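Peer 1: So here's upload18.txt, just compact mmCIF, C-alpha atoms:
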```
# COMPACT_ATOMS: atom_id res chain seq x y z
CA MET A 275 -22.09 12.66 9.05
CA SER A 276 -23.18 15.34 6.64
CA GLU A 277 -25.11 14.50 3.51
CA TRP A 278 -24.51 16.60 0.43
CA LYS A 279 -27.45 16.75 -1.94
CA SER A 280 -26.85 17.26 -5.64
CA GLN A 281 -29.24 19.41 -7.62
CA VAL A 282 -27.76 18.37 -10.97
CA THR A 283 -30.36 17.27 -13.49
CA ALA A 284 -30.05 15.64 -16.88
CA ARG A 285 -30.90 19.00 -18.46
CA ASP A 286 -28.19 20.76 -16.44
CA MET A 287 -25.59 18.33 -17.72
CA SER A 288 -26.74 18.12 -21.34
CA SER A 289 -23.85 20.29 -22.47
CA VAL A 290 -21.33 17.78 -21.20
CA ARG A 291 -23.00 14.49 -22.20
CA VAL A 292 -19.81 12.96 -23.48
CA SER A 293 -17.93 9.81 -22.63
CA ARG A 294 -16.04 10.37 -19.41
CA ARG A 295 -12.34 9.99 -20.03
CA ALA A 296 -11.33 9.65 -23.63
CA PHE A 297 -7.60 9.30 -23.10
CA ALA A 298 -6.89 9.00 -20.96
CA GLY A 299 -2.40 -8.58 4.15
CA GLY A 300 -4.81 -8.94 4.61
CA VAL A 301 -5.46 -12.50 3.52
CA ALA A 302 -7.60 -13.23 6.55
CA GLY A 303 -9.16 -9.82 6.45
CA VAL A 304 -9.93 -10.07 2.75
CA ALA A 305 -11.36 -13.53 3.20
CA ALA A 306 -13.73 -12.14 5.77
CA ALA A 307 -14.30 -8.93 3.87
CA ALA A 308 -17.04 -10.06 1.51
CA ILE A 309 -20.32 -10.23 3.40
CA LEU A 310 -23.91 -9.94 2.35
CA GLY A 311 -25.78 -7.85 4.86
CA LYS A 312 -26.91 -10.12 7.69
CA ARG A 313 -27.25 -13.13 5.43
CA ALA A 314 -24.60 -15.75 4.83
CA PHE A 315 -23.52 -16.47 1.26
CA ALA A 316 -25.18 -19.29 -0.56
CA ALA A 317 -22.79 -22.18 -0.01
CA PHE A 318 -21.85 -24.05 -3.15
CA ASN A 319 -18.86 -25.57 -4.83
CA GLY A 320 -18.12 -24.39 -8.32
CA SER A 321 -17.55 -27.01 -10.98
CA ARG A 322 -14.32 -25.33 -12.12
CA PRO A 323 -12.12 -22.30 -11.35
CA TYR A 324 -13.85 -18.94 -11.78
CA LYS A 325 -12.15 -17.03 -14.62
CA ILE A 326 -11.66 -13.27 -14.78
CA GLY A 327 -10.28 -11.22 -17.65
CA PHE A 328 -8.24 -8.22 -16.44
CA VAL A 329 -7.78 -5.43 -18.99
CA ALA A 330 -5.84 -2.21 -18.39
CA PRO A 331 -3.64 0.33 -20.21
CA LEU A 332 -0.26 -0.94 -19.01
CA THR A 333 1.58 1.07 -21.66
CA GLY A 334 0.79 4.44 -23.20
CA PRO A 335 -0.27 7.82 -21.76
CA VAL A 336 -2.22 6.48 -18.78
CA ALA A 337 0.09 3.59 -17.93
CA PRO A 338 0.75 4.91 -14.39
CA GLU A 339 -2.95 4.56 -13.59
CA GLY A 340 -3.28 1.26 -15.41
CA SER A 341 -0.25 -0.17 -13.64
CA SER A 342 -1.59 1.06 -10.28
CA MET A 343 -4.87 -0.71 -11.00
CA GLN A 344 -3.01 -3.91 -11.83
CA ARG A 345 -1.01 -3.76 -8.59
CA GLY A 346 -4.15 -3.51 -6.47
CA PHE A 347 -5.91 -6.21 -8.47
CA ASN A 348 -2.99 -8.62 -8.22
CA LEU A 349 -2.70 -8.12 -4.47
CA GLY A 350 -6.42 -8.72 -4.03
CA LEU A 351 -6.21 -11.82 -6.20
CA GLU A 352 -3.41 -13.26 -4.06
CA ALA A 353 -5.42 -12.65 -0.91
CA VAL A 354 -8.68 -14.10 -2.21
CA ASN A 355 -6.95 -17.19 -3.62
CA ALA A 356 -4.96 -17.76 -0.43
CA ALA A 357 -8.24 -17.69 1.46
CA GLY A 358 -9.91 -20.32 -0.72
CA GLY A 359 -10.83 -18.45 -3.88
CA ILE A 360 -14.37 -18.21 -5.18
CA ALA A 361 -16.82 -21.09 -4.69
CA GLY A 362 -14.04 -23.34 -3.45
CA HIS A 363 -11.71 -22.78 -6.40
CA LYS A 364 -8.76 -20.47 -6.88
CA VAL A 365 -9.57 -17.70 -9.33
CA GLU A 366 -7.91 -17.86 -12.74
CA VAL A 367 -6.99 -14.60 -14.50
CA VAL A 368 -5.97 -13.66 -18.02
CA THR A 369 -4.43 -10.20 -18.43
CA GLN A 370 -3.75 -8.02 -21.44
CA ASP A 371 -2.62 -4.46 -22.12
CA THR A 372 -5.11 -2.14 -23.84
CA GLN A 373 -2.81 0.87 -24.39
CA ALA A 374 -5.91 3.05 -23.67
CA VAL A 375 -6.91 2.53 -27.32
CA PRO A 376 -10.63 1.72 -27.75
CA ALA A 377 -10.03 -0.50 -30.79
CA VAL A 378 -7.50 -2.54 -28.83
CA VAL A 379 -9.92 -2.81 -25.92
CA GLY A 380 -12.54 -4.18 -28.29
CA THR A 381 -10.16 -6.81 -29.64
CA VAL A 382 -9.02 -7.86 -26.17
CA VAL A 383 -12.51 -8.07 -24.66
CA LYS A 384 -13.83 -10.06 -27.64
CA LYS A 385 -10.91 -12.46 -27.31
CA PHE A 386 -11.48 -12.88 -23.59
CA ILE A 387 -15.19 -13.55 -24.07
CA GLN A 388 -15.09 -15.71 -27.20
CA GLU A 389 -11.79 -17.57 -26.84
CA GLU A 390 -10.89 -17.46 -23.15
CA ASN A 391 -14.50 -17.95 -22.00
CA VAL A 392 -14.09 -15.60 -19.05
CA ASP A 393 -16.85 -15.30 -16.47
CA MET A 394 -16.19 -11.62 -15.70
CA ILE A 395 -14.15 -8.64 -16.93
CA ILE A 396 -12.43 -6.21 -14.54
CA GLY A 397 -10.43 -3.15 -15.53
CA THR A 398 -9.91 -0.30 -18.02
CA ILE A 399 -9.19 3.35 -17.24
CA THR A 400 -10.54 5.68 -19.89
CA GLY A 401 -14.14 6.49 -20.76
CA ASP A 402 -13.77 5.36 -24.37
CA GLU A 403 -12.39 2.03 -23.18
CA GLU A 404 -15.31 1.64 -20.83
CA GLU A 405 -17.87 2.44 -23.52
CA VAL A 406 -16.47 -0.31 -25.76
CA ALA A 407 -16.08 -2.87 -22.99
CA SER A 408 -19.55 -2.16 -21.62
CA LYS A 409 -21.26 -2.71 -24.97
CA LEU A 410 -19.40 -5.93 -25.74
CA CYS A 411 -20.01 -7.35 -22.27
CA ALA A 412 -23.69 -6.43 -22.38
CA ALA A 413 -24.10 -8.19 -25.73
CA SER A 414 -22.54 -11.35 -24.27
CA GLY A 415 -24.08 -11.06 -20.81
CA VAL A 416 -20.66 -10.93 -19.12
CA PRO A 417 -20.47 -8.82 -15.91
CA VAL A 418 -17.84 -6.04 -16.15
CA LEU A 419 -16.44 -4.05 -13.21
CA PHE A 420 -14.78 -0.65 -13.73
CA PRO A 421 -12.51 0.36 -10.78
CA GLU A 422 -11.63 3.83 -12.14
CA ALA A 423 -13.28 6.94 -10.63
CA GLY A 424 -15.21 9.93 -11.99
CA PHE A 425 -18.45 8.54 -13.41
CA TRP A 426 -21.25 11.06 -13.87
CA TYR A 427 -23.71 8.79 -15.66
CA THR A 428 -24.55 5.11 -15.57
CA PHE A 429 -24.31 2.56 -18.37
CA CYS A 430 -27.96 1.70 -19.00
CA ASN A 431 -29.12 -1.70 -20.27
CA SER A 432 -25.71 -3.16 -19.57
CA THR A 433 -23.91 -5.63 -17.32
CA THR A 434 -21.66 -2.89 -15.91
CA VAL A 435 -20.82 -2.23 -12.26
CA GLU A 436 -19.12 1.15 -11.71
CA MET A 437 -16.85 0.38 -8.75
CA GLY A 438 -15.09 3.75 -8.57
CA GLU A 439 -16.45 6.86 -6.88
CA ASN A 440 -18.41 9.21 -9.14
CA SER A 441 -17.98 12.90 -10.03
CA PHE A 442 -20.70 13.92 -7.56
CA ASP A 443 -18.76 12.19 -4.76
CA LEU A 444 -15.60 14.02 -5.76
CA ASN A 445 -17.08 17.49 -6.16
CA ALA A 446 -20.05 17.92 -3.81
CA PRO A 447 -18.05 18.08 -0.56
CA LEU A 448 -14.96 19.75 -2.02
CA VAL A 449 -16.43 22.88 -3.64
CA PRO A 450 -18.09 24.34 -0.50
CA PHE A 451 -15.13 23.34 1.68
CA MET A 452 -12.66 25.22 -0.52
CA ALA A 453 -14.98 28.22 -0.93
CA ASP A 454 -15.53 28.55 2.81
CA LYS A 455 -11.85 28.12 3.67
CA PHE A 456 -10.12 30.16 0.97
CA GLY A 457 -12.66 32.37 -0.81
CA LYS A 458 -15.13 32.27 -3.67
CA LYS A 459 -13.04 33.29 -6.67
CA PHE A 460 -12.25 30.08 -8.55
CA LEU A 461 -10.24 29.48 -11.71
CA LEU A 462 -10.89 26.20 -13.50
CA ILE A 463 -8.27 24.35 -15.50
CA GLY A 464 -8.47 21.01 -17.25
CA SER A 465 -7.05 18.79 -19.93
CA ASP A 466 -9.00 19.33 -23.13
CA PHE A 467 -10.91 16.09 -23.56
CA SER A 468 -14.18 14.68 -22.40
CA PHE A 469 -13.61 13.67 -18.77
CA PRO A 470 -12.25 17.02 -17.50
CA HIS A 471 -15.12 18.86 -19.23
CA ALA A 472 -17.65 16.54 -17.57
CA TYR A 473 -15.92 16.57 -14.17
CA LEU A 474 -15.68 20.38 -14.12
CA GLY A 475 -19.24 20.61 -15.47
CA VAL A 476 -20.45 18.81 -12.35
CA ALA A 477 -18.21 21.00 -10.19
CA LYS A 478 -19.66 24.21 -11.67
CA THR A 479 -23.15 23.23 -10.52
CA TYR A 480 -21.91 23.05 -6.93
CA MET A 481 -19.97 26.28 -7.42
CA LYS A 482 -23.18 28.03 -8.40
CA GLN A 483 -24.86 26.73 -5.25
CA ALA A 484 -21.94 27.95 -3.13
CA GLY A 485 -21.93 31.44 -4.65
CA VAL A 486 -18.57 30.93 -6.35
CA THR A 487 -17.42 33.26 -9.13
CA VAL A 488 -15.59 31.45 -11.94
CA LEU A 489 -12.85 33.83 -13.09
CA ASP A 490 -11.77 31.73 -16.05
CA GLU A 491 -11.97 28.23 -17.46
CA ILE A 492 -8.83 27.05 -19.25
CA TYR A 493 -8.37 23.80 -21.16
CA ALA A 494 -4.97 22.65 -22.38
CA PRO A 495 -4.40 20.12 -25.17
CA LEU A 496 -3.53 16.63 -24.04
CA GLY A 497 0.23 16.21 -23.93
CA THR A 498 0.96 19.88 -23.20
CA ALA A 499 4.67 20.24 -22.48
CA ASP A 500 4.90 23.98 -21.77
CA TRP A 501 2.53 25.35 -19.12
CA SER A 502 4.26 28.69 -18.66
CA ALA A 503 1.67 30.81 -20.50
CA THR A 504 -1.18 29.12 -18.63
CA ILE A 505 0.55 29.62 -15.31
CA ALA A 506 1.16 33.29 -16.08
CA LYS A 507 -2.55 33.65 -16.87
CA ILE A 508 -3.49 32.03 -13.57
CA LYS A 509 -1.14 34.34 -11.65
CA SER A 510 -2.67 37.36 -13.34
CA ALA A 511 -6.22 36.26 -12.45
CA LYS A 512 -5.33 35.90 -8.74
CA PRO A 513 -7.93 33.24 -7.89
CA ASP A 514 -8.64 32.12 -4.35
CA VAL A 515 -8.78 28.51 -5.58
CA ILE A 516 -7.37 26.72 -8.65
CA TYR A 517 -9.81 23.90 -9.34
CA SER A 518 -8.13 21.36 -11.59
CA GLY A 519 -9.27 18.66 -13.94
CA VAL A 520 -5.76 18.12 -15.34
CA VAL A 521 -4.95 14.40 -15.29
CA GLY A 522 -2.38 11.79 -16.23
CA GLY A 523 1.15 12.87 -17.07
CA ASP A 524 -0.15 16.39 -17.70
CA ALA A 525 -1.15 16.68 -14.03
CA ILE A 526 2.45 16.06 -13.04
CA GLY A 527 3.89 18.42 -15.68
CA PHE A 528 1.53 21.24 -14.69
CA VAL A 529 2.37 20.98 -10.98
CA LYS A 530 6.13 20.75 -11.47
CA GLN A 531 6.16 23.84 -13.69
CA ALA A 532 3.78 25.66 -11.35
CA GLN A 533 6.31 25.06 -8.60
CA SER A 534 9.30 26.14 -10.65
CA LEU A 535 7.51 29.32 -11.77
CA GLY A 536 6.48 30.24 -8.22
CA LEU A 537 2.74 29.51 -8.37
CA LEU A 538 3.01 26.56 -6.00
CA PRO A 539 3.01 25.75 -3.19
CA GLY A 540 1.54 29.13 -2.26
CA ALA A 541 -1.64 28.94 -4.37
CA HIS A 542 -4.62 26.81 -3.33
CA LEU A 543 -4.81 23.95 -5.84
CA THR A 544 -7.40 21.19 -5.64
CA GLY A 545 -9.27 18.68 -7.80
CA VAL A 546 -8.34 15.44 -9.53
CA ASN A 547 -4.89 16.87 -10.27
CA LEU A 548 -4.02 15.73 -6.72
CA GLN A 549 -4.62 11.99 -6.96
CA PRO A 550 -2.19 9.98 -4.79
CA GLU A 551 -0.83 8.14 -7.84
CA PHE A 552 0.70 11.43 -9.01
CA TYR A 553 2.22 12.42 -5.67
CA PRO A 554 5.63 10.71 -5.98
CA ALA A 555 6.38 12.83 -9.05
CA MET A 556 4.85 16.04 -7.63
CA GLY A 557 6.43 15.84 -4.18
CA ASP A 558 6.49 18.87 -1.92
CA ALA A 559 4.83 21.06 -4.55
CA VAL A 560 1.43 19.89 -3.29
CA ASP A 561 2.17 19.38 0.39
CA GLY A 562 -0.49 21.17 2.43
CA GLN A 563 -3.11 21.16 -0.35
CA TYR A 564 -6.60 19.69 0.11
CA ALA A 565 -8.30 16.89 -1.83
CA CYS A 566 -11.57 14.96 -1.62
CA VAL A 567 -11.05 11.19 -1.65
CA ARG A 568 -12.81 7.91 -0.91
CA TYR A 569 -9.68 6.23 0.44
CA SER A 570 -6.92 7.38 2.75
CA GLU A 571 -4.21 5.49 4.55
CA ASP A 572 -5.50 7.44 7.54
CA ILE A 573 -8.70 5.31 7.66
CA LYS A 574 -8.71 3.44 10.98
CA THR A 575 -9.80 -0.12 10.32
CA ALA A 576 -8.01 -3.39 10.97
CA ALA A 577 -8.59 -4.38 7.35
CA ASN A 578 -6.94 -1.19 6.11
CA ASP A 579 -3.97 -1.71 8.43
CA ARG A 580 -3.43 -5.18 6.98
CA PHE A 581 -3.89 -3.93 3.42
CA LYS A 582 -1.39 -1.09 3.89
CA ALA A 583 1.21 -3.45 5.33
CA ASP A 584 0.76 -5.96 2.51
CA TYR A 585 0.79 -3.30 -0.20
CA LYS A 586 3.92 -1.57 1.06
CA LYS A 587 5.73 -4.86 1.60
CA LYS A 588 5.06 -5.83 -2.00
CA TYR A 589 5.37 -2.48 -3.77
CA GLY A 590 7.33 -0.22 -1.44
CA GLU A 591 6.59 2.99 0.41
CA GLY A 592 4.71 6.01 -0.90
CA PRO A 593 1.02 6.89 -1.16
CA ILE A 594 -1.26 4.07 -2.26
CA PRO A 595 -3.07 4.96 -5.51
CA LEU A 596 -6.85 5.26 -5.25
CA VAL A 597 -7.48 3.03 -8.25
CA ALA A 598 -5.28 0.33 -6.68
CA THR A 599 -7.55 0.20 -3.64
CA THR A 600 -10.71 -0.10 -5.74
CA ALA A 601 -9.22 -2.87 -7.86
CA TYR A 602 -8.14 -4.64 -4.67
CA TYR A 603 -11.58 -4.88 -3.09
CA SER A 604 -13.42 -5.32 -6.41
CA LEU A 605 -12.48 -8.97 -5.98
CA ASP A 606 -14.32 -9.02 -2.65
CA PHE A 607 -17.46 -7.87 -4.45
CA ALA A 608 -16.90 -10.39 -7.25
CA LYS A 609 -16.63 -13.20 -4.70
CA ALA A 610 -19.69 -11.95 -2.84
CA ALA A 611 -21.79 -11.77 -6.02
CA VAL A 612 -20.86 -15.24 -7.27
CA GLU A 613 -21.43 -16.87 -3.91
CA LYS A 614 -24.70 -14.99 -3.44
CA ALA A 615 -25.87 -16.18 -6.86
CA GLY A 616 -24.84 -19.75 -6.03
CA THR A 617 -23.89 -20.28 -9.65
CA TYR A 618 -21.43 -19.12 -12.31
CA ASP A 619 -24.33 -18.17 -14.58
CA LYS A 620 -23.40 -14.69 -15.82
CA LYS A 621 -26.87 -13.19 -15.68
CA ALA A 622 -27.42 -14.46 -12.16
CA VAL A 623 -24.05 -13.13 -11.04
CA PHE A 624 -24.73 -9.66 -12.48
CA ASN A 625 -28.15 -9.56 -10.81
CA ALA A 626 -26.49 -10.53 -7.54
CA PHE A 627 -24.54 -7.26 -7.61
CA LYS A 628 -27.78 -5.29 -7.26
CA GLY A 629 -27.98 -4.13 -3.67
CA LEU A 630 -24.93 -6.25 -2.78
CA GLU A 631 -23.06 -5.39 0.41
CA ALA A 632 -19.44 -6.21 1.12
CA LYS A 633 -17.01 -5.40 3.88
CA THR A 634 -13.97 -3.54 2.59
CA ILE A 635 -10.84 -1.76 3.78
CA LEU A 636 -12.83 1.50 3.74
CA SER A 637 -15.01 0.97 6.77
CA ASP A 638 -16.02 -1.45 9.49
CA LYS A 639 -19.51 -1.17 8.00
CA PRO A 640 -20.36 -2.83 4.67
CA ILE A 641 -20.41 -0.85 1.44
CA ARG A 642 -23.56 -1.26 -0.64
CA ILE A 643 -23.98 -1.19 -4.42
CA ASP A 644 -27.02 0.84 -5.40
CA PRO A 645 -29.34 -1.51 -7.35
CA THR A 646 -30.34 1.24 -9.80
CA THR A 647 -27.07 3.06 -10.53
CA MET A 648 -24.85 -0.02 -9.96
CA ASN A 649 -22.38 2.24 -8.16
CA PRO A 650 -21.30 1.78 -4.53
CA SER A 651 -22.25 4.41 -1.97
CA TYR A 652 -18.98 5.60 -0.47
CA PRO A 653 -18.16 7.66 2.61
CA MET A 654 -16.01 10.56 1.39
CA TYR A 655 -13.31 12.57 3.13
CA ILE A 656 -11.65 15.96 2.81
CA THR A 657 -7.94 15.36 3.28
CA GLN A 658 -4.84 17.50 3.58
CA ILE A 659 -1.70 16.22 1.87
CA GLN A 660 1.17 15.74 4.30
CA LYS A 661 4.87 15.62 3.53
CA GLY A 662 5.63 12.15 2.20
CA GLY A 663 2.18 11.69 0.69
CA LEU A 664 -0.18 10.86 3.55
CA TYR A 665 -3.67 12.16 2.71
CA LYS A 666 -4.64 13.06 6.27
CA ILE A 667 -8.38 13.14 6.96
CA VAL A 668 -9.50 16.56 8.18
CA LYS A 669 -13.23 16.17 7.60
CA ASP A 670 -15.51 13.15 7.29
CA VAL A 671 -18.27 14.30 4.95
CA GLY A 672 -20.18 11.03 4.84
CA PHE A 673 -22.21 9.70 1.95
CA VAL A 674 -22.94 11.94 -1.03
CA LYS A 675 -26.45 11.91 -2.48
CA ASN A 676 -25.97 11.95 -6.23
CA ASP A 677 -28.05 12.19 -9.38
CA LEU A 678 -26.37 9.51 -11.43
CA LYS A 679 -28.69 8.71 -14.30
CA CYS A 680 -28.76 6.30 -17.19
CA GLU A 681 -26.92 7.55 -20.26
CA SER A 682 -28.90 6.41 -23.28
```
For this file, write the structure as structure tokens.
Peer 2:
Amino acid sequence: MSEWKSQVTARDMSSVRVSRRAFAGGVAGVAAAAILGKRAFAAFNGSRPYKIGFVAPLTGPVAPEGSSMQRGFNLGLEAVNAAGGIAGHKVEVVTQDTQAVPAVVGTVVKKFIQEENVDMIIGTITGDEEEVASKLCAASGVPVLFPEAGFWYTFCNSTTVEMGENSFDLNAPLVPFMADKFGKKFLLIGSDFSFPHAYLGVAKTYMKQAGVTVLDEIYAPLGTADWSATIAKIKSAKPDVIYSGVVGGDAIGFVKQAQSLGLLPGAHLTGVNLQPEFYPAMGDAVDGQYACVRYSEDIKTAANDRFKADYKKKYGEGPIPLVATTAYYSLDFAKAAVEKAGTYDKKAVFNAFKGLEAKTILSDKPIRIDPTTMNPSYPMYITQIQKGGLYKIVKDVGFVKNDLKCES
């Protein structure tokens, strides 16, 4: 498999050093999924049920992503508990909506730590939520796992594990693929808040390496209802590739209007605009387009087959959201860390995540958490979107070498 090497340095990214996103069965298989390299887990019986606090924006502008995360988490919880739980006890969970409001996140996380006495926090979507949760968990020594994607820096001096794929993973394989296939005139578009600026900032570094010419860079205010002027501007520029950092409900609105105004499906659109969670609302407007993802229903593993069957039985047909898959197997990593530590002690459990390996739905080989960045190394894929929402793998690009660094 190919290895893409990032040349991004801290100095290169200084202009976008902002928080990432400011707004926004597999019972038997899952039971066997958590492994630790060639070593068996430390065998111990916990003195009580292990308790996790799940926090997510279940209402508000990013509710579709928050609800998708909750679906995957709940399915993983059912599987882990049916297979014996963690340390011989079924896992207990407390859940609360954050509305994607940092102040609400702070209140909820404090409550979970101080009143509910949780052992671990899992969840949140936006960068501002993550900043608040990370600081509070670090101060209390509580491990916190973030399943959302797009990280381009690590949370230093914290108890954070970044479970989602990072912005290097998402951009490094995609930029040269699109440039080689469709041409080197790119137009960039994004929602006007921190994550799209950071995501496209990483992408521009790879564009420079690939000899891409950026025709224009357009940012639209969050909550934009009328995209007609932007679409007319894109048509006039005649780019080979539209590289998008438009997210949330805006991603859907942009695509639907681009279709109605004749830009799509003919133009070559790519980027985070094409996440599977948005597909049901975008439909045939994006059929045939290409995206870079960590997970596809096209992955051929027995564990993925079981997961797909369980997920669709519980939640119905349609593409499985990426964040749902990460939340699902985050519980495998949580189980692996606790049982490796051989204790519920929070510091010991967080340290157990360093270099931890677990078997997931993604591969027959274990996925490893880098002990420095605290981010898993994922095999990535270029996919083409098929009618009905299958993200069909057209190129296995392997593991992406990234330059994730501590954000002080």
Peer 1: Extract, using all atoms listed in the file, all DNA, RNA and protein residues at most 9 Å from region 657-662 of chain A, discarding same-chain residues fewer than 6 positions from it, and format them as a list in words.
Peer 2: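 These residues fall inside the cut-off: Leu548, Tyr553, Pro554, Gly557, Asp558, Val560, Asp561, Gly562, Gln563, Tyr564, Ala565, Cys566, Val567, Ser570, Gly592, Pro593, Val668, Lys669 and Asp670 of chain A.
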Peer 1: Measure the distance from CA of Thr479 (chain A) to CA of Pro495 (chain A) in Å and round it to one decimal.
Peer 2: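 Interatomic distance here is 24.0 Å.
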Peer 1: Would you please work out which residue, of A:Glu352, A:Asp524, A:Glu591, A:Asp514, is nearest to Pro335 (chain A) when using only C-alpha atoms?
Peer 2: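 Closest to Pro335 (chain A) of all the choices is A:Asp524.
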Peer 1: Provide the CA of Val336 (chain A) to CA of Gly464 (chain A) distance in Å, to one decimal place.
Peer 2: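 These two atoms are separated by 15.9 Å.
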Peer 1: So that I can see what lies close to Arg642 (chain A), please list as a list in words the residues with an atom at most 7 Å from it, counting all atoms listed in the file and leaving out residues fewer than 3 positions away in the same chain.
Peer 2: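 Contacts, with the query itself left out: Gly629, Leu630, Glu631, Ala632, Pro650 and Ser651 of chain A.
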Peer 1: Write out as a list in words each polymer residue whose atoms come within 10 Å of Ala615 (chain A), counting all atoms listed in the file; drop sequence neighbours fewer than 3 positions from it.
Peer 2: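 Non-adjacent residues within range: Phe315, Ala316, Ala317, Phe318, Lys609, Ala610, Ala611, Val612, Tyr618, Asp619, Lys620, Lys621, Ala622, Val623, Phe624, Asn625, Ala626 and Phe627 of chain A.
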Peer 1: Rank A:Arg345, A:Lys409, A:Lys614, A:Lys364 by their smallest atom-to-atom distance to Gly380 (chain A), using all atoms listed in the file, and report the top residue only.
Peer 2: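 Going through A:Arg345, A:Lys409, A:Lys614, A:Lys364 one by one, the smallest distance to Gly380 (chain A) is for A:Lys409.
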